[in-house]
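Following: one structure in structure tokens, then a few remarks.
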2 protein chains.
Amino acid sequence: MLPLWQPLDLTRVSLTGGFWYNLQQQVGQVTLGHIYTEMLHQGHLDGLRLDQRMHRGRQEANNWYWGGSIFWDSDVAKWLEAASAYLQHHRDAKLETLVDGTIELLAGAQQADGYLNSHILTWRPRHRFKNLRDLHELYCAGHLIEAAVAHRKATGKETLLNIAIRLTDYLVSVFGAGSDQIPGYCGHPEIELALIRLYRLTREQRYLDLSRFFIEERGTKPHYFDWEAVERLDATTFRPNHPVSPYAYMQAHAPIREQREVVGHAVRAMYFYSAVADLACELRDEELVEVCKNLWQDLCKSKVYVTGGIGSAAENEGFTKGYDLPNFESYAETCAAIGLLQWAHRMLQIDLDSRYADTMERTLYNGVLGGLGLDRKSFFYHNPLASDGSQHRVVWPWWCPCCPANLARLILSFSGYLYSAGPRAIAIHHYVSSEASFPIDDQDAFLVTSSGFPFDGAASLRFESVPGTSFEVLLRVPEWSGDYQFAVNGEDVAPEIVSGYAVISRAWKSGDEVTARFQMQVQTHFSNYEVIGNRGRVAISRGPLVYCAEEIDNASGLDRMMIDPEKGADLERVDGALSEIVSLSVPGSIEEQEENSLYPISAPARKTCTIKMIPYYAWDNRAPGEMLVWLRHGR
Amino acid sequence: MLPLWQPLDLTRVSLTGGFWYNLQQQVGQVTLGHIYTEMLHQGHLDGLRLDQRMHRGRQEANNWYWGGSIFWDSDVAKWLEAASAYLQHHRDAKLETLVDGTIELLAGAQQADGYLNSHILTWRPRHRFKNLRDLHELYCAGHLIEAAVAHRKATGKETLLNIAIRLTDYLVSVFGAGSDQIPGYCGHPEIELALIRLYRLTREQRYLDLSRFFIEERGTKPHYFDWEAVERLDATTFRPNHPVSPYAYMQAHAPIREQREVVGHAVRAMYFYSAVADLACELRDEELVEVCKNLWQDLCKSKVYVTGGIGSAAENEGFTKGYDLPNFESYAETCAAIGLLQWAHRMLQIDLDSRYADTMERTLYNGVLGGLGLDRKSFFYHNPLASDGSQHRVVWPWWCPCCPANLARLILSFSGYLYSAGPRAIAIHHYVSSEASFPIDDQDAFLVTSSGFPFDGAASLRFESVPGTSFEVLLRVPEWSGDYQFAVNGEDVAPEIVSGYAVISRAWKSGDEVTARFQMQVQTHFSNYEVIGNRGRVAISRGPLVYCAEEIDNASGLDRMMIDPEKGADLERVDGALSEIVSLSVPGSIEEQEENSLYPISAPARKTCTIKMIPYYAWDNRAPGEMLVWLRHGR
């Protein structure tokens with residue numbers, strides 16, 4: 001029987017200050033507005049008016065306009081979800097007006113039968129559900145449902161929820177195993193996890209059932225995508241070169257219960273596995289839990305960057321063979337990192353083990369946050385681990401604008417990823433200054449956390465008001481932690497560590513305070529031999545932050561440097577162009593400019609140097625230039 | 001005014017023993033027969049009967065059969081040239097019969113007007129000279145002409161020469177600037193250098209003129225290839241993605257006098273530049289000499305492997321941007337290395353500078369000889385500098401069988417690359433045990449060379465019979481040489497070194513002997529910083545031989561090793577599976593198998609080891625396995 005953990009969602013957790021509070025403020029005040037403006041400018045919002053004529057001019061100016069618009073409804077929905085998350089804890093009348101106006105556009109676009117997809121309705125109404133493989137209809141529907149759940153919770157309004165329910169009820173009637181139903185599923189998973197989220201809000205069994213149908217039907221033979229391709233007279237071969245199957249790209253090469261290997265498009269994989277974990281949880285299905293654990297193991301063994309980025313290949317925006325993790329060419333899409341974080345969070349609820357939270361943390365502070373510029377309105381679509389200076393964030397990745405709103409909703413929703421409640425237990429996954437309420441024996445307890453993460457490893461947790469029963473407090477010991485100490489009301493305690501969590505069980509009283517101190521030492525990471533590009537190289541981290549060297553702090557030709565972290569590193573807390581960070585100065589050496597010949601027979605002279613490093617997430621925020629995570633190791 | 005140097009050709013030089021004599025024997029006795037058998041089996045020879053029906057079965061069994069056959073006449077011609085070179089110094093009645101029979105097939109295929117191309121005549125007679133860009137007609141004609149010159153010189157027979165002259169005279173009538181002529185040129189250069197070779201034999205000015213036309217017309221605007229594409233109603237875009245021009249692939253992006261950069265398909269480039277150097281020489285054209293020198297400099301600056309291989313990219317079988325020299329993916333086609341050697345040899349005649357001979361030597365002993373298995377009947381089409389064990393020589397690269405016969409003719413003709421004669425001067429480029437006659441004041445002098453190259457740096461040169469005048473002897477000082485000494489009749493001399501050649505001028509007497517001793521130390525090569533894959537790595541050479549590590553002598557995971565050549569190296573002369581070689585044992589260290597995690601936080605343990613290395617040319621001759629030229633450097 002699975003243990004039962006429930007995340008404390010946004011309604012229960014609000015941030016109070018520090019790194020995350022500031023970040024949410026900036027995203028709420030800058031990013032949300034930037035995305036809305038871009039959606040206006042690009043045509044996302046006009047698109048909801050279902051008027052072809054007004055698109056024509058834009059289409060002519062931009063080849064991608066038409067093709068890219070298959071994703072647009074999802075961008076609108078993610079923005080609505082992000083805005084809702086912000087409105088959960090902030091009053092912002094102007095933002096609320098924009099949200100309401102956008103919902104009105106959606107309501108106006110929704111058809112009498114509940115169907116809603118602006119791309120299909122505007123550009124090819126006869127294609128409705130005729131190409132589930134490519135056209136992202138159910139994917140867009142999924143994001144709409146997620147937004148509706150978030151909006152309902154944050155505002156109490158039913159406006160968006162009603163649209164989502166009408167749409168979902170329509171989908172329930174259209175899809176399924178019935179003889180008059182479509183036995184298909186979407187090329188891009190998302191609807192599956194959205195349906196479970198709606199089920200959790202409404203407790204309507206048919207939503208869970210449809211999610212289960214989509215999940216279990218995926219990859220069965222004869223293949224639905226083949227059938228629908230024949231039906232629409234499409235004779236082209238789909239992704240003929242994939243070594244596993246053409247449909248591995250969308251995790252539809254085999255039924256989920258037969259899958260053992262992480263393959264294909266990284267975002268699709270993460271969204272699908274997230275749904276599978278949710279379904280496993282709802283069904284208490286141990287087999288599906290095992291499937292998830294196997295896939296998790298396969299991913300972590302050989303398919304994740306040290307930054308938590310995943311999906312190394314541009315060709316399929318996804319996975320290749322194990323250990324194929326090049327640095328200059330790393331794809332590591334921002335949305336894939338977000339997806340990994342979502343999946344890890346779900347795994348944590350069905351298997352409370354700190355390795356999931358460790359992956360969340362590393363991915364969040366590096367692979368995810370690196371996607372967002374410090375101006376809060378520029379974005380990396382993919383996140384290289386080395387750059388020759390030619391890669392920069394863009395204000396809008398118009399060819400597929402998935403990451404801006406996805407970043408905004410993740411960051412603004414992150415408060416909901418910090419804690420889980422169990423029966424007479426509270427687990428703290430991420431130490432973030434916040435106030436949280438959690439249920440103990442049907443009563444609410446209140447917890448106030450303050451923390452210096454990610455730059456300082458100290459945290460305190462004060463129970464403001466607790467019922468008069470004993471319960472367990474589980475505190476994650478981060479994988480990067482050197483020595484660590486716990487105290488209750490100032491007295492050291494030595495709790496048992498279970499699956500990476502320190503377990504303190506007692507009859508808590510109001511005002512009790514737990515303090516935790518995790519040593520944040522500078523850590524040197526080597527790389528498995530099989531990662532060809534990392535041979536002879538090391539990466540540096542401190543706490544959850546992976547560090548990188550930038551040209552602006554060092555010199556061009558970063559790979560002339562060799563780093564010698566065994567000699568120690570100096571830390572400096574600086575507050576400047578990169579906002580408040582801890583920078584590192586690590587001893588090393590650097591080759592002098594060598595003679596100009598191709599194969600000189602004398603070694604280039606070396607002199608000692610100090611290598612300045614900053615957190616990876618903060619790169620490309622000052623001047624264009626080279627960047628390097630994996631530095632040559634030596635003296 | 002250009003200095004005048006003339007290579008001593010095959011008629012003047014014969015080998016007498018040692019490494020090169022043995023190699024020529026093996027190629028003459030094994031490779032020539034192997035190629036002939038394969039040409040019979042594949043259809044090359046039947047192809048000359050111009051009978052479609054007999055091809056059909058083969059075509060069905062092999063997709064490439066039809067497409068590949070556009071090159072076939074050139075393979076036959078290269079084999080004829082190789083066989084002729086062998087017959088120059090060896091009686092072999094059986095081989096002579098095969099040669100004569102093949103010439104009869106060619107004679108039978110030649111049309112009344114002189115035209116000869118089995119692919120066009122058999123498969124698409126209406127396409128004659130309609131697609132010069134792709135169909136290799138003039139390329140094949142060029143190889144036929146080269147073979148004819150070699151055959152005439154070796155055997156005194158006119159049979160093949162007559163065919164070539166009839167064909168060439170036909171080409172002279174068809175191509176040129178006249179209003180009834182085709183103002184085009186071949187997509188694959190070769191005819192240009194062949195015409196000059198025929199001119200040098202026959203002194204027919206029209207052959208030189210046609211070569212000059214082809215060379216100077218190439219790349220002029222409006223572009224001939226565009227014109228002929230329109231003429232044949234071909235609307236496809238040719239190589240649209242090339243950064244310089246679609247026709248850079250074939251060095252036809254600009255007239256030669258405007259070219260400064262080595263671009264495109266590597267074999268085409270080398271054959272074209274060879275012809276340009278020949279034309280510069282014949283016309284005493286200083287501008288063309290400068291063009292050649294600039295291109296040479298561009299190549300050597302950043303576009304040649306340490307093995308002398310060139311053309312790093314598979315996509316265009318050729319050049320990309322400077323310093324793009326990956327090791328696992330190195331294309332480095334065998335025929336491109338042969339072409340480089342041919343170009344270098346021509347540069348040497350118009351600019352006697354040892355850097356050309358150094359490049360010839362390095363390319364020959366590494367990039368070229370590596371293409372041929374020690375069984376003398378297996379071939380590398382492309383020559384990686386690192387292998388994971390998946391790359392092996394093949395008995396016949398049927399998709400484009402250019403290298404087998406090209407290797408055979410180069411090796412069997414190499415005697416003609418050793419010496420050059422100038423006015424009252426003889427230059428020794430390569431120290432190979434041989435007998436040579438050279439002209440001094442219209443008399444023949446005789447020289448007997450004996451040498452231990454490539455494993456031993458000593459050589460002696462005895463003048464058997466010389467006219468009673470003084471003349472200069474120029475001896476190349478190899479770039480790899482440490483200390484070196486020269487003596488005449490046992491007495492040390494300290495000659496002036498001019499452009500890398502030691503110049504000894506005196507009134508030579510019959511029986512005079514020059515001895516040279518070049519120190520062959522083990523040399524460590526570093527790499528220019530810009531070559532990304534070589535950072536932190538070194539390559540090892542001794543004399544002209546670049547060395548590599550193979551799995552069979554070390555262990556799998558060659559990149560776990562770090563080499564420390566500063567600690568010295570032991571040499572061992574061994575005669576075994578790899579024939580007689582000098583192997584090296586170099587100190588180093590090796591990582592122990594590390595824990596299985598992806599990013600361990602402790603360095604893998606290292607222990608000292610000895611790294612065994614063999615000459616690069618000898619790799620892949622024992623067992624499949626990894627191979628590495630650029631080893632990690634350290635202790």
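Chain labels follow the order of the structure tokens: the first chain is A, the next B, and so on; residue numbering restarts at 1 in every chain, and ligands are counted from 1 in their shown order.
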Mind dumping a table of every chain B residue within 8 Å of chain A, with the nearest atom pair and its distance in Å to one decimal, using only C-alpha atoms, sorted by chain and rising number, as a Markdown table?
```
| residue | atom | partner | partner_atom | distance |
| --- | --- | --- | --- | --- |
| B:Cys300 | CA | A:Leu598 | CA | 7.7 |
| B:Lys301 | CA | A:Leu598 | CA | 6.1 |
| B:Ser302 | CA | A:Leu598 | CA | 6.2 |
| B:Val306 | CA | A:Tyr599 | CA | 7.1 |
| B:Gln523 | CA | A:Ile601 | CA | 7.1 |
| B:Thr524 | CA | A:Ile601 | CA | 5.7 |
| B:His525 | CA | A:Ile601 | CA | 4.6 |
| B:Phe526 | CA | A:Tyr599 | CA | 5.3 |
| B:Ser527 | CA | A:Tyr599 | CA | 4.5 |
| B:Asn528 | CA | A:Leu598 | CA | 4.9 |
| B:Tyr529 | CA | A:Arg560 | CA | 7.4 |
| B:Arg535 | CA | A:Asp559 | CA | 7.7 |
| B:Gly536 | CA | A:Arg632 | CA | 7.8 |
| B:Asp559 | CA | A:Arg535 | CA | 7.8 |
| B:Arg560 | CA | A:Tyr529 | CA | 7.4 |
| B:Glu594 | CA | A:Asn528 | CA | 7.6 |
| B:Asn596 | CA | A:Asn528 | CA | 7.2 |
| B:Ser597 | CA | A:Asn528 | CA | 6.6 |
| B:Leu598 | CA | A:Asn528 | CA | 4.9 |
| B:Tyr599 | CA | A:Ser527 | CA | 4.5 |
| B:Pro600 | CA | A:Phe526 | CA | 5.4 |
| B:Ile601 | CA | A:His525 | CA | 4.6 |
| B:Ser602 | CA | A:Phe526 | CA | 6.7 |
| B:Ala603 | CA | A:Phe526 | CA | 6.2 |
| B:Arg632 | CA | A:Gly536 | CA | 7.8 |
```
Tell me which protein, DNA and RNA residues are within 9 Å of Phe518 of chain A, counting only C-alpha atoms, leaving out same-chain ones fewer than 6 positions away, and put them as a PDB file with N, CA, C and O atoms, in the first residue's frame.
```pdb
ATOM      1  N   ASP A 456      22.598  30.436   1.605  1.00  0.00           N
ATOM      2  CA  ASP A 456      22.967  30.121   2.972  1.00  0.00           C
ATOM      3  C   ASP A 456      22.168  28.900   3.402  1.00  0.00           C
ATOM      4  O   ASP A 456      20.966  28.804   3.125  1.00  0.00           O
ATOM      5  N   GLY A 457      22.826  27.980   4.103  1.00  0.00           N
ATOM      6  CA  GLY A 457      22.192  26.695   4.398  1.00  0.00           C
ATOM      7  C   GLY A 457      21.455  26.632   5.716  1.00  0.00           C
ATOM      8  O   GLY A 457      21.186  25.547   6.207  1.00  0.00           O
ATOM      9  N   ALA A 458      21.123  27.770   6.297  1.00  0.00           N
ATOM     10  CA  ALA A 458      20.416  27.749   7.576  1.00  0.00           C
ATOM     11  C   ALA A 458      18.922  27.978   7.369  1.00  0.00           C
ATOM     12  O   ALA A 458      18.522  28.738   6.494  1.00  0.00           O
ATOM     13  N   ALA A 459      18.110  27.323   8.178  1.00  0.00           N
ATOM     14  CA  ALA A 459      16.660  27.509   8.102  1.00  0.00           C
ATOM     15  C   ALA A 459      16.062  27.308   9.484  1.00  0.00           C
ATOM     16  O   ALA A 459      16.597  26.555  10.297  1.00  0.00           O
ATOM     17  N   VAL A 477      17.341  16.381   4.110  1.00  0.00           N
ATOM     18  CA  VAL A 477      18.777  16.673   4.177  1.00  0.00           C
ATOM     19  C   VAL A 477      19.280  16.726   2.735  1.00  0.00           C
ATOM     20  O   VAL A 477      19.339  15.706   2.059  1.00  0.00           O
ATOM     21  N   PRO A 478      19.621  17.920   2.240  1.00  0.00           N
ATOM     22  CA  PRO A 478      20.005  18.019   0.835  1.00  0.00           C
ATOM     23  C   PRO A 478      21.237  17.181   0.522  1.00  0.00           C
ATOM     24  O   PRO A 478      22.133  17.040   1.348  1.00  0.00           O
ATOM     25  N   TRP A 480      23.679  17.826  -1.240  1.00  0.00           N
ATOM     26  CA  TRP A 480      24.925  18.601  -1.286  1.00  0.00           C
ATOM     27  C   TRP A 480      25.437  18.963   0.100  1.00  0.00           C
ATOM     28  O   TRP A 480      26.515  19.530   0.246  1.00  0.00           O
ATOM     29  N   SER A 481      24.651  18.650   1.101  1.00  0.00           N
ATOM     30  CA  SER A 481      24.995  19.112   2.439  1.00  0.00           C
ATOM     31  C   SER A 481      26.217  18.380   2.967  1.00  0.00           C
ATOM     32  O   SER A 481      26.306  17.154   2.894  1.00  0.00           O
ATOM     33  N   GLY A 482      27.166  19.137   3.514  1.00  0.00           N
ATOM     34  CA  GLY A 482      28.264  18.524   4.244  1.00  0.00           C
ATOM     35  C   GLY A 482      27.743  18.173   5.628  1.00  0.00           C
ATOM     36  O   GLY A 482      26.762  17.443   5.765  1.00  0.00           O
ATOM     37  N   ASP A 483      28.371  18.717   6.659  1.00  0.00           N
ATOM     38  CA  ASP A 483      27.819  18.508   7.996  1.00  0.00           C
ATOM     39  C   ASP A 483      26.447  19.168   8.082  1.00  0.00           C
ATOM     40  O   ASP A 483      26.181  20.139   7.372  1.00  0.00           O
ATOM     41  N   TYR A 484      25.618  18.629   8.936  1.00  0.00           N
ATOM     42  CA  TYR A 484      24.336  19.288   9.168  1.00  0.00           C
ATOM     43  C   TYR A 484      23.967  19.117  10.635  1.00  0.00           C
ATOM     44  O   TYR A 484      24.428  18.188  11.307  1.00  0.00           O
ATOM     45  N   GLN A 485      23.159  20.040  11.137  1.00  0.00           N
ATOM     46  CA  GLN A 485      22.741  20.003  12.542  1.00  0.00           C
ATOM     47  C   GLN A 485      21.274  20.370  12.643  1.00  0.00           C
ATOM     48  O   GLN A 485      20.791  21.229  11.892  1.00  0.00           O
ATOM     49  N   PHE A 486      20.593  19.728  13.564  1.00  0.00           N
ATOM     50  CA  PHE A 486      19.217  20.093  13.860  1.00  0.00           C
ATOM     51  C   PHE A 486      19.113  20.430  15.337  1.00  0.00           C
ATOM     52  O   PHE A 486      19.784  19.828  16.165  1.00  0.00           O
ATOM     53  N   GLY A 543      25.998  24.359  -2.554  1.00  0.00           N
ATOM     54  CA  GLY A 543      24.588  24.187  -2.243  1.00  0.00           C
ATOM     55  C   GLY A 543      23.873  23.706  -3.487  1.00  0.00           C
ATOM     56  O   GLY A 543      24.392  22.884  -4.239  1.00  0.00           O
TER      57      GLY A 543
END
```
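If you count only C-alpha atoms and ignore residues fewer than 5 places along the chain from Glu217 of chain A, what sits within 10 Å of it is Gly176, Ala177, Pro183, Gly184, Tyr185, Ser211, Arg212, His223, Tyr224, Ala252, Ala254, Pro255 and Ile256 of chain A.
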Next item on the list: Excluding Pro189 of chain A and residues on its chain fewer than 2 positions from it, collect all residues at most 10 Å away from it, counting only C-alpha atoms, and give them as a ChimeraX atom specification.
Entry: /A:136,138-140,142,185-187,191-194,214-215,218,250-252,267-275
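Interatomic distance, atom CA of Val27 of chain A to atom CA of Ser434 of chain A: 17.5 Å.
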Note to self: For the alpha helix (DSSP H) assignment from backbone DSSP, which residues of segment 174-252 of chain B qualify? Please present them as a PyMOL selection string.
What the structure shows: chain B and resi 174+191-202+205-217+224-231
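Each of B:Ser460, B:Gln52, B:Thr449, B:Asn489 was compared to Ser14 of chain B using only C-alpha atoms, and B:Thr449 turns out to be the nearest.
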Item checked: Residues near Pro246 of chain B, cut-off 12 Å, only C-alpha atoms, skip fewer than 2 positions along chain, as a ChimeraX atom specification -> /B:133,187,219,223,225-226,237-244,248-254,263-265,316
Please produce an output containing N, CA and C atoms for each residue in the selection, written as a compact mmCIF listing (two decimals), in the first residue's frame.
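Contents of the output file out-v5.txt:
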```
# COMPACT_ATOMS: atom_id res chain seq x y z
N ARG B 133 28.48 19.01 -64.35
CA ARG B 133 28.56 19.25 -62.92
C ARG B 133 28.64 17.94 -62.12
N GLY B 187 32.63 19.04 -62.99
CA GLY B 187 32.37 19.24 -61.57
C GLY B 187 33.50 18.71 -60.70
N GLY B 219 34.36 28.82 -62.47
CA GLY B 219 33.92 29.82 -61.49
C GLY B 219 33.60 31.19 -62.07
N HIS B 223 27.38 31.55 -64.48
CA HIS B 223 27.95 30.28 -64.11
C HIS B 223 27.52 29.16 -65.06
N PHE B 225 27.48 25.99 -64.74
CA PHE B 225 26.63 24.94 -64.15
C PHE B 225 25.17 25.39 -64.06
N ASP B 226 24.97 26.67 -63.81
CA ASP B 226 23.59 27.18 -63.80
C ASP B 226 23.00 27.08 -65.21
N THR B 237 17.54 23.01 -56.56
CA THR B 237 18.60 23.89 -56.07
C THR B 237 19.79 23.03 -55.68
N PHE B 238 20.95 23.44 -56.14
CA PHE B 238 22.15 22.65 -55.89
C PHE B 238 22.82 23.12 -54.61
N ARG B 239 22.97 22.18 -53.65
CA ARG B 239 23.67 22.47 -52.39
C ARG B 239 23.35 23.87 -51.86
N PRO B 240 22.10 24.12 -51.55
CA PRO B 240 21.70 25.49 -51.19
C PRO B 240 22.32 26.00 -49.90
N ASN B 241 22.81 25.10 -49.03
CA ASN B 241 23.20 25.56 -47.70
C ASN B 241 24.66 25.95 -47.55
N HIS B 242 25.44 25.87 -48.61
CA HIS B 242 26.85 26.18 -48.42
C HIS B 242 27.04 27.66 -48.11
N PRO B 243 27.83 27.96 -47.06
CA PRO B 243 27.97 29.36 -46.65
C PRO B 243 28.64 30.24 -47.71
N VAL B 244 29.52 29.69 -48.52
CA VAL B 244 30.20 30.52 -49.52
C VAL B 244 29.39 30.57 -50.81
N ALA B 248 31.12 26.15 -54.30
CA ALA B 248 32.36 26.02 -53.53
C ALA B 248 32.69 24.54 -53.34
N TYR B 249 31.65 23.72 -53.31
CA TYR B 249 31.83 22.27 -53.20
C TYR B 249 32.80 21.76 -54.25
N MET B 250 32.76 22.39 -55.42
CA MET B 250 33.63 21.97 -56.52
C MET B 250 34.62 23.07 -56.93
N GLN B 251 34.92 23.95 -55.98
CA GLN B 251 35.90 25.02 -56.20
C GLN B 251 35.54 25.88 -57.41
N ALA B 252 34.26 25.97 -57.71
CA ALA B 252 33.82 26.75 -58.86
C ALA B 252 33.01 27.97 -58.42
N HIS B 253 33.28 28.44 -57.19
CA HIS B 253 32.55 29.59 -56.66
C HIS B 253 33.14 30.89 -57.16
N ALA B 254 34.37 30.85 -57.63
CA ALA B 254 35.05 32.06 -58.11
C ALA B 254 36.19 31.63 -59.02
N VAL B 263 38.29 25.53 -49.82
CA VAL B 263 36.89 25.20 -49.49
C VAL B 263 36.45 23.96 -50.26
N GLY B 264 35.31 23.44 -49.83
CA GLY B 264 34.63 22.42 -50.62
C GLY B 264 35.16 21.01 -50.45
N HIS B 265 34.86 20.22 -51.45
CA HIS B 265 35.20 18.80 -51.49
C HIS B 265 36.72 18.66 -51.55
N ASN B 316 30.21 17.11 -46.88
CA ASN B 316 30.68 17.50 -48.22
C ASN B 316 31.99 16.79 -48.57
```
